[in-house]
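**Q** Below are the C-alpha cells for one structure; questions will follow.
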Amino acid sequence: MQKKFKLPGRYEIIDSTLYSLTAHKKVHPIFYFLLLFLYGLAYYFVKKTAGNQDVWFIGNNPIPLASFTGVFSSLTNICLMMFVVLFGFLGFATSLILLIYGLVPLCIILFIHHNFLNISGLFSTLFTLITICIIQLNNRRIEKYQKKLSDEAITDSLTGLPNRLACSELVKSLIKSGEKFALTMIDLNNFKNINDTMGHNAGNEVLKEIATRWKFAADSGLSGTKDFVTRQGGDEFTLIIRNFKSDDDILRTIHYYESVLEQKIILKSHDFFATASFGYAEYPLDSEDPDILFSYADMAMYNIKRANSSAHILRFSPNLLENGEHAVEIERQIRSALNENRLSFNLQPQFDMDHKLRGFEALARMTDSKGNDIAPGEFIPIAETVGLIDKIDSRVFDEATKFIGRLIKQTGFDGILSVNVSVRHLIKEDFLEEVKSVLKKNGFPPTQLEVEITESIMIDTESSAVQTIKELKKMGIRIAIDDFGTGYSSLSYLTRIPADLLKVDKSFIDTMNSNDSSKQYVASIISIGHIMNFDVISEGVEDSDQIDTLRDIGCDMIQGFIWGHPMTPEEAEKLVHQMMVV
C-alpha cells in the first residue's frame with residue numbers, strides 16, 4: 001500500500017463533530033449558581049445556629065436552635081457532593097475550595113484554641129472530602145468507559161471512519177438545528193472485481209486506503225466546505241457537506257473527493273484506480289425528512305450509476321421520482337404491511353421424480369392497504385435495497401414454522417420446510433439465536449428445516465457466512481444453495497459450504513429442451529451435485545417434457561407449476577392429507 005496521508009494537527013472536523021454528537025449534555029450553568037447560593041445559605045445558617053442558646057417552640061415542645069446546626073451542616077455537605085456529581089471537575093474544584101474555606105477556621109478553633117466541642121464538624125468535613133474524591137474518581141472511570149462505548153458505537157471497525165449510526169445522528173442533529181447541508185451517497189464502481197480477483201483481504205485494504213484519503217480530505221478543510229465522511233457498509237460511503245453557498249460549491253467539493261479517490265492505489269505490486277458514483281440531495285430544499293433525504297440521495301446515486309456514463313455525479317431532481325416514486329410507494333407498503341400484519345406466506349410443494357411429496361418452500365406474500373396482492377418480484381428487491389428483507393424473512397420463518405409445526409404434530413408429516421434467508425439476515429449477530437428461539441417456540445424439529453442461501457452470500461461475506469452455516473448444520477438444519485449456476489459458480493465455494501441440496505434455476509430449465517447447451521449445463525450441475533453428495537432439485541418445471549429430460553439426466557427432485565403452484569396454508573394442509581392417504 002502506498003504511503004498514508006498525514007492528518008494536519010490543527011484540523012479535527014470529523015472528530016469534533018463526533019464529539020458534539022456523543023458528548024453528554026451538560027447541566028445548564030444557572031444550576032451551578034443556584035447550587036452555590038444554596039450552599040452559601042446553608043453555611044450561613046450553620047454559623048447562625050452553632051452555639052445559639054435560643055429555643056424555638058413547636059407546639060408545646062421546646063427545641064434548641066443549636067440542634068438545627070447539624071441539619072444545615074448536612075445540607076452544605078449534600079451541596080458539595082452535588083457539585084461533583086453535576087459539574088465534573090469544575091464541581092470537584094469548587095467543592096475542594098469550599099471545604100478548605102470551612103476547614104481552616106475549624107482547625108484553628110480545634111488545634112490553636114483547643115476548643116474540641118466542634119470535633120464532630122472536623123470529622124464530618126473529612127468524610128465529605130473523602131466522599132467527593134471517591135465520586136470524582138468514579139466519574140472519571142465512568143467517563144472513560146462511556147467514551148469507549150460511544151467510540152465503538154459510532155465508528156466503523158474496518159476503516160475507522162464514522163459509521164451509519166453516526167451519519168444518521170448527524171443528519172438528525174443538523175435538521176433539528178435547521179442548518180442546511182447536502183447529503184451525498186457514494187458507491188464505489190466495480191469494487192466487486194477487486195474482491196473477485198485479489199480476495200477480500202485486498203478489498204479491505206483498498207477500503208481502508210480510500211477511507212484514510214477521505215478522512216484527510218474532510219479534516220484538512222481543503223474542499224472549502226465543512227465535510228463529514230462515513231462508511232455505510234460494504235463499498236458504500238456518505239459525505240455530508242456544510243458551509244456551502246451554492247450548488248457550485250457542492251459540486252466543487254464532490255469533485256475534490258472524486259479526484260482524491262482516483263489517485264493511484266498500489267497494493268501487492270498492483271496498481272488500482274478506483275472510481276465512484278455520487279448522488280446528492282439538499283436539506284431543506286429537497287426534503288426536511290431524514291429518511292426521504294437518504295432515499296433521494298440514493299435515488300440520484302443509483303441513477304447515475306445505472307447510466308454507466310463518464311459523468312459520476314448527479315443531484316436529485318423531482319423528475320427522478322417518475323422512476324423512483326413507485327419504489328418509494330412499495331417501500332411504504334412494505335413498512336405498513338409489517339406493522340399491520342399484511343405479510344403472509346404461500347407454500348410451493350416439492351416432489352421427488354416419483355411424484356412423492358418432499359416438502360414445501362415458504363414464499364413471502366404481501367397485500368397493499370386495499371387488500372390487493374403485490375407481486376414478490378416487486379417488493380422483494382426493494383426490501384433488499386432498503387434493508388427490510390431480514391424483517392420479511394423473520395416474519396415468514398416464524399409463521400411458516402408455526403403452521404408446519406402444527407401440521408407435523410397433528411399428522412406426523414415428515415416433509416421438509418424450506419425457507420429463504422438473505423445475506424443481510426444471515427450475517428446478523430443474533431441470527432442463530434433467532435432460529436433457535438423460533439424453532440423452540442413453534443415446536444418445530446430442526447431436522448425438517450432447510451435454509452436456502454444464494455451463492456452471492458459466499459462472495460459478500462464468506463467467512464462469517466460459512467461459520468453461521470456450520471452452526472446451523474450442527475443443529476441438524478439442512479442447507480440448500482438456491483439459483484445455482486446464475487451467480488459466481490465455483491467449486492471452491494461448494495467445498496467450503498456444508499450444503500445438502502443444489503437448486504437449479506428456472507432460467508436453465510426453460511431453455512433446456514430447446515437449447516442443447518442449456519441441457520448440457522443442467523446435466524453438468526446435476527453431476528457436480530452428485531459428485532459432492534448433494535441432492536439436486538430443479539425449479540420452474542412446467543411441462544411433462546421437462547420432467548422426462550430431468551429424469552433422464554438424473555435430477556432428484558422438481559418444483560414447479562406442473563405438479564404444484566404456490567398454495568395457501570389451507571391448500572397445503574389438504575395436499576398433505578391427500579398424500580398421506582395415498
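The chains in the C-alpha cells are called A, B, ... from first to last as shown; in each chain the residues are counted from 1, and the ligands are counted from 1 in the order shown.
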Write down as a ChimeraX atom specification the residues belonging to stretch 417-582 of chain A that are assigned helix (DSSP H, G or I) by DSSP computed on the backbone.
**A** /A:423-426,431-442,446-448,456-460,462-474,491-496,506-510,516-531,544-552,569-581
**Q** Quick one: residues within 8 Å of A:Ala42, only C-alpha atoms counted, chain neighbours fewer than 2 positions away excluded, as JSON, numbers by chain?
**A** {"A": [38, 39, 40, 44, 45, 46, 72, 73, 75, 76]}
**Q** Given the selection you just returned, output its residues as a file containing all heavy atoms, formatted as a PDB file, in the first residue's frame.
**A**
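After the write, result_8.pdb holds the following:
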ATOM      1  N   LEU A  38     -27.436  28.023  47.326  1.00  0.00           N
ATOM      2  CA  LEU A  38     -27.999  27.143  48.346  1.00  0.00           C
ATOM      3  C   LEU A  38     -26.942  26.767  49.382  1.00  0.00           C
ATOM      4  O   LEU A  38     -27.219  26.740  50.589  1.00  0.00           O
ATOM      5  CB  LEU A  38     -28.572  25.884  47.679  1.00  0.00           C
ATOM      6  CG  LEU A  38     -29.235  24.867  48.617  1.00  0.00           C
ATOM      7  CD1 LEU A  38     -30.408  25.489  49.350  1.00  0.00           C
ATOM      8  CD2 LEU A  38     -29.709  23.647  47.826  1.00  0.00           C
ATOM      9  N   TYR A  39     -25.718  26.498  48.903  1.00  0.00           N
ATOM     10  CA  TYR A  39     -24.634  26.180  49.832  1.00  0.00           C
ATOM     11  C   TYR A  39     -24.359  27.360  50.750  1.00  0.00           C
ATOM     12  O   TYR A  39     -24.213  27.192  51.973  1.00  0.00           O
ATOM     13  CB  TYR A  39     -23.362  25.815  49.054  1.00  0.00           C
ATOM     14  CG  TYR A  39     -22.164  25.650  49.964  1.00  0.00           C
ATOM     15  CD1 TYR A  39     -21.914  24.443  50.596  1.00  0.00           C
ATOM     16  CD2 TYR A  39     -21.285  26.722  50.200  1.00  0.00           C
ATOM     17  CE1 TYR A  39     -20.825  24.287  51.450  1.00  0.00           C
ATOM     18  CE2 TYR A  39     -20.202  26.570  51.046  1.00  0.00           C
ATOM     19  CZ  TYR A  39     -19.974  25.353  51.671  1.00  0.00           C
ATOM     20  OH  TYR A  39     -18.908  25.220  52.514  1.00  0.00           O
ATOM     21  N   GLY A  40     -24.265  28.558  50.161  1.00  0.00           N
ATOM     22  CA  GLY A  40     -23.980  29.749  50.972  1.00  0.00           C
ATOM     23  C   GLY A  40     -25.049  29.998  52.012  1.00  0.00           C
ATOM     24  O   GLY A  40     -24.752  30.374  53.156  1.00  0.00           O
ATOM     25  N   TYR A  44     -24.526  29.839  55.992  1.00  0.00           N
ATOM     26  CA  TYR A  44     -24.884  30.989  56.820  1.00  0.00           C
ATOM     27  C   TYR A  44     -25.658  30.529  58.050  1.00  0.00           C
ATOM     28  O   TYR A  44     -25.388  30.972  59.190  1.00  0.00           O
ATOM     29  CB  TYR A  44     -25.700  31.978  55.992  1.00  0.00           C
ATOM     30  CG  TYR A  44     -26.350  33.066  56.810  1.00  0.00           C
ATOM     31  CD1 TYR A  44     -25.612  34.162  57.270  1.00  0.00           C
ATOM     32  CD2 TYR A  44     -27.705  32.991  57.135  1.00  0.00           C
ATOM     33  CE1 TYR A  44     -26.210  35.147  58.024  1.00  0.00           C
ATOM     34  CE2 TYR A  44     -28.311  33.971  57.887  1.00  0.00           C
ATOM     35  CZ  TYR A  44     -27.560  35.066  58.338  1.00  0.00           C
ATOM     36  OH  TYR A  44     -28.155  36.049  59.096  1.00  0.00           O
ATOM     37  N   PHE A  45     -26.616  29.607  57.849  1.00  0.00           N
ATOM     38  CA  PHE A  45     -27.433  29.150  58.972  1.00  0.00           C
ATOM     39  C   PHE A  45     -26.650  28.241  59.914  1.00  0.00           C
ATOM     40  O   PHE A  45     -26.964  28.154  61.091  1.00  0.00           O
ATOM     41  CB  PHE A  45     -28.695  28.433  58.467  1.00  0.00           C
ATOM     42  CG  PHE A  45     -29.769  29.387  58.023  1.00  0.00           C
ATOM     43  CD1 PHE A  45     -30.083  29.524  56.684  1.00  0.00           C
ATOM     44  CD2 PHE A  45     -30.458  30.157  58.955  1.00  0.00           C
ATOM     45  CE1 PHE A  45     -31.074  30.403  56.274  1.00  0.00           C
ATOM     46  CE2 PHE A  45     -31.441  31.043  58.552  1.00  0.00           C
ATOM     47  CZ  PHE A  45     -31.753  31.177  57.195  1.00  0.00           C
ATOM     48  N   VAL A  46     -25.625  27.562  59.371  1.00  0.00           N
ATOM     49  CA  VAL A  46     -24.740  26.805  60.258  1.00  0.00           C
ATOM     50  C   VAL A  46     -24.080  27.750  61.245  1.00  0.00           C
ATOM     51  O   VAL A  46     -24.024  27.491  62.452  1.00  0.00           O
ATOM     52  CB  VAL A  46     -23.674  26.031  59.444  1.00  0.00           C
ATOM     53  CG1 VAL A  46     -22.574  25.486  60.380  1.00  0.00           C
ATOM     54  CG2 VAL A  46     -24.305  24.878  58.671  1.00  0.00           C
ATOM     55  N   PHE A  72     -28.322  21.890  58.865  1.00  0.00           N
ATOM     56  CA  PHE A  72     -27.766  22.789  57.850  1.00  0.00           C
ATOM     57  C   PHE A  72     -26.363  22.354  57.422  1.00  0.00           C
ATOM     58  O   PHE A  72     -25.975  22.527  56.259  1.00  0.00           O
ATOM     59  CB  PHE A  72     -27.727  24.222  58.386  1.00  0.00           C
ATOM     60  CG  PHE A  72     -29.109  24.814  58.554  1.00  0.00           C
ATOM     61  CD1 PHE A  72     -29.594  25.155  59.814  1.00  0.00           C
ATOM     62  CD2 PHE A  72     -29.918  25.017  57.456  1.00  0.00           C
ATOM     63  CE1 PHE A  72     -30.852  25.686  59.969  1.00  0.00           C
ATOM     64  CE2 PHE A  72     -31.185  25.555  57.606  1.00  0.00           C
ATOM     65  CZ  PHE A  72     -31.667  25.896  58.866  1.00  0.00           C
ATOM     66  N   SER A  73     -25.610  21.749  58.367  1.00  0.00           N
ATOM     67  CA  SER A  73     -24.291  21.239  58.019  1.00  0.00           C
ATOM     68  C   SER A  73     -24.400  20.099  57.008  1.00  0.00           C
ATOM     69  O   SER A  73     -23.634  20.021  56.042  1.00  0.00           O
ATOM     70  CB  SER A  73     -23.558  20.755  59.277  1.00  0.00           C
ATOM     71  OG  SER A  73     -22.303  20.223  58.943  1.00  0.00           O
ATOM     72  N   LEU A  75     -26.791  19.731  54.905  1.00  0.00           N
ATOM     73  CA  LEU A  75     -27.209  20.332  53.641  1.00  0.00           C
ATOM     74  C   LEU A  75     -26.014  20.889  52.867  1.00  0.00           C
ATOM     75  O   LEU A  75     -25.936  20.754  51.639  1.00  0.00           O
ATOM     76  CB  LEU A  75     -28.246  21.432  53.909  1.00  0.00           C
ATOM     77  CG  LEU A  75     -28.884  22.083  52.678  1.00  0.00           C
ATOM     78  CD1 LEU A  75     -29.540  21.035  51.791  1.00  0.00           C
ATOM     79  CD2 LEU A  75     -29.904  23.137  53.096  1.00  0.00           C
ATOM     80  N   THR A  76     -25.061  21.500  53.597  1.00  0.00           N
ATOM     81  CA  THR A  76     -23.857  22.004  52.913  1.00  0.00           C
ATOM     82  C   THR A  76     -23.067  20.851  52.290  1.00  0.00           C
ATOM     83  O   THR A  76     -22.563  20.963  51.176  1.00  0.00           O
ATOM     84  CB  THR A  76     -22.949  22.782  53.888  1.00  0.00           C
ATOM     85  OG1 THR A  76     -22.531  21.917  54.936  1.00  0.00           O
ATOM     86  CG2 THR A  76     -23.652  23.993  54.452  1.00  0.00           C
TER      87      THR A  76
END
**Q** As a PyMOL selection string, please: the residues near A:Lys370 (cut-off 12 Å, only C-alpha atoms, same-chain neighbours under 6 positions excluded).
**A** chain A and resi 333+336-337+342
**Q** For the selection just defined, write its residues with N, CA and C atoms to a file, as a tab-separated table (two decimals), in the first residue's frame.
**A**
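Once everything was written out, this is part-v6.tsv:
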chain	number	residue	atom	x	y	z
A	333	GLN	N	-45.43	0.58	1.51
A	333	GLN	CA	-46.36	-0.54	1.66
A	333	GLN	C	-45.72	-1.67	2.46
A	336	SER	N	-45.74	-0.64	6.15
A	336	SER	CA	-47.09	-0.72	6.73
A	336	SER	C	-47.56	-2.17	6.80
A	337	ALA	N	-47.17	-2.99	5.81
A	337	ALA	CA	-47.56	-4.40	5.84
A	337	ALA	C	-46.94	-5.11	7.04
A	342	ARG	N	-49.95	-7.52	7.16
A	342	ARG	CA	-50.41	-7.80	5.80
A	342	ARG	C	-49.37	-8.62	5.03
**Q** Mind listing the strand (DSSP E or B) residues of stretch 385-504 of chain A, per DSSP on the backbone, as a list of chain:residue names?
**A** A:Ile416, A:Leu417, A:Ser418, A:Val419, A:Asn420, A:Leu449, A:Glu450, A:Val451, A:Glu452, A:Ile453, A:Thr454, A:Arg478, A:Ile479, A:Ala480, A:Ile481, A:Asp482, A:Asp483, A:Phe484, A:Leu501, A:Leu502, A:Lys503, A:Val504
**Q** So what do you get for atom CA of A:Glu429 versus atom CA of A:Lys473, distance-wise?
**A**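 Atom CA of A:Lys473 lies 17.2 Å from atom CA of A:Glu429.
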**Q** From the set A:Glu205, A:Thr155, A:Met81, A:Ser369, which residue has the shortest atom-to-atom contact distance to A:Ile135, counting only C-alpha atoms?
**A**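 Of A:Glu205, A:Thr155, A:Met81, A:Ser369, the one nearest A:Ile135 is A:Met81, counting only C-alpha atoms.
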**Q** Write out as an MDAnalysis selection string which residues come within 7 Å of A:Arg315 when counting only C-alpha atoms, dropping same-chain ones fewer than 5 positions away.
**A** chainID A and resid 279:281 300
**Q** Can you tell me which residues surround A:Ser344 at a distance of at most 9 Å, considering only C-alpha atoms, apart from same-chain residues fewer than 4 positions away, and format the answer as JSON, numbers by chain?
**A** {"A": [363, 364, 365, 366, 367, 395, 396, 399, 400]}
**Q** Could you take the residues named above and write them with C-alpha atoms, as a short mmCIF file (atom, residue, chain, number, x, y, z; two decimals), in the first residue's frame?
**A**
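Generated output (out-v2.cif):
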data_model
loop_
_atom_site.label_atom_id
_atom_site.label_comp_id
_atom_site.auth_asym_id
_atom_site.auth_seq_id
_atom_site.Cartn_x
_atom_site.Cartn_y
_atom_site.Cartn_z
CA LEU A 363 -42.71 -17.91 -0.18
CA ALA A 364 -43.39 -14.39 1.08
CA ARG A 365 -46.65 -12.76 0.01
CA MET A 366 -47.92 -9.23 0.67
CA THR A 367 -51.04 -7.15 0.05
CA ARG A 395 -41.94 -12.98 9.70
CA VAL A 396 -42.23 -15.75 7.08
CA GLU A 399 -45.36 -18.06 10.61
CA ALA A 400 -44.36 -20.95 8.34
#
**Q** Which of these, A:Thr468, A:Gln348, A:Thr49, A:Asn319, has the shortest distance to A:Phe561 once you count only C-alpha atoms?
**A**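 Ranked by minimum distance to A:Phe561, first place goes to A:Gln348.
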**Q** Do a neighbour search on A:Glu209 at 12 Å with only C-alpha atoms, toss out local chain neighbours closer than 5 positions, and write the hits as a ChimeraX atom specification.
**A** /A:1-5,158-161,202-204,214-216,260-267,272-274
**Q** Using only C-alpha atoms, which protein or nucleic acid residues come within 9 Å of A:Glu573? Drop anything in the same chain fewer than 4 positions from it, and give the result as a VMD selection string.
**A** chain A and resid 404 407 568 to 569 577 to 578
**Q** Hey, which of A:Leu494, A:Cys133, A:Ile558, A:Val419 ends up closest to A:Asp352? Count only C-alpha atoms.
**A**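 Closest to A:Asp352, using only C-alpha atoms: A:Ile558.
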**Q** Using atom CA of A:Ile186 and atom CA of A:Leu207 as the two end points, give the distance in Å to one decimal.
**A**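 Computing the Euclidean distance for atom CA of A:Ile186 and atom CA of A:Leu207 yields 12.8 Å.
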**Q** Return the single residue from A:Phe87, A:Tyr101, A:Phe228, A:Phe534 that is closest to A:Leu183, with distances computed using only C-alpha atoms.
**A**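 Of all the options, A:Phe228 lies closest to A:Leu183.
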